[in-house]
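Structure, as structure tokens:
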Amino acid sequence: MTKADLALAKRSRELRTEEYEKLRKDNVKIAQGTYGGQLLVDLLESDLMEIPDAA
């Protein structure tokens with residue numbers, strides 16, 4: 001990965017963390033379906049795939 005790619009990955013991670021904090025603070029839950037009642041942020045975090053070198 002280039003330095004630009006790493007910088008973008010870092011900024012993306014920062015923005016994602018901020019959004020996750022907001023979702024958790026606002027207690028956003030999934031309304032229906034298999035995951036109904038669960039916090040949206042928990043599902044998003046469990047499904048997140050990051051490139052180890054970019055972390």
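Each chain in the structure tokens gets a letter, A, B, ..., in the order shown, and its residues are numbered from 1; ligands are numbered from 1 in order too.
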Exercise: stretch 12-23 of chain A partners within 9 Å, only C-alpha atoms, chain neighbours under 3 positions left out, as a list in words: Ala7, Leu8, Ala9, Asp26, Asn27, Val28, Lys29, Leu39, Leu40, Val41, Asp42, Leu44, Glu45 and Ala55 of chain A
Identify all residues of stretch 1-53 of chain A in helix (DSSP H, G or I) (DSSP on the backbone) and supply them as a ChimeraX atom specification. /A:3-25,40-46,52-53
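The interatomic distance for the pair atom CA of A:Arg24 and atom CA of A:Met49 works out to 19.5 Å.
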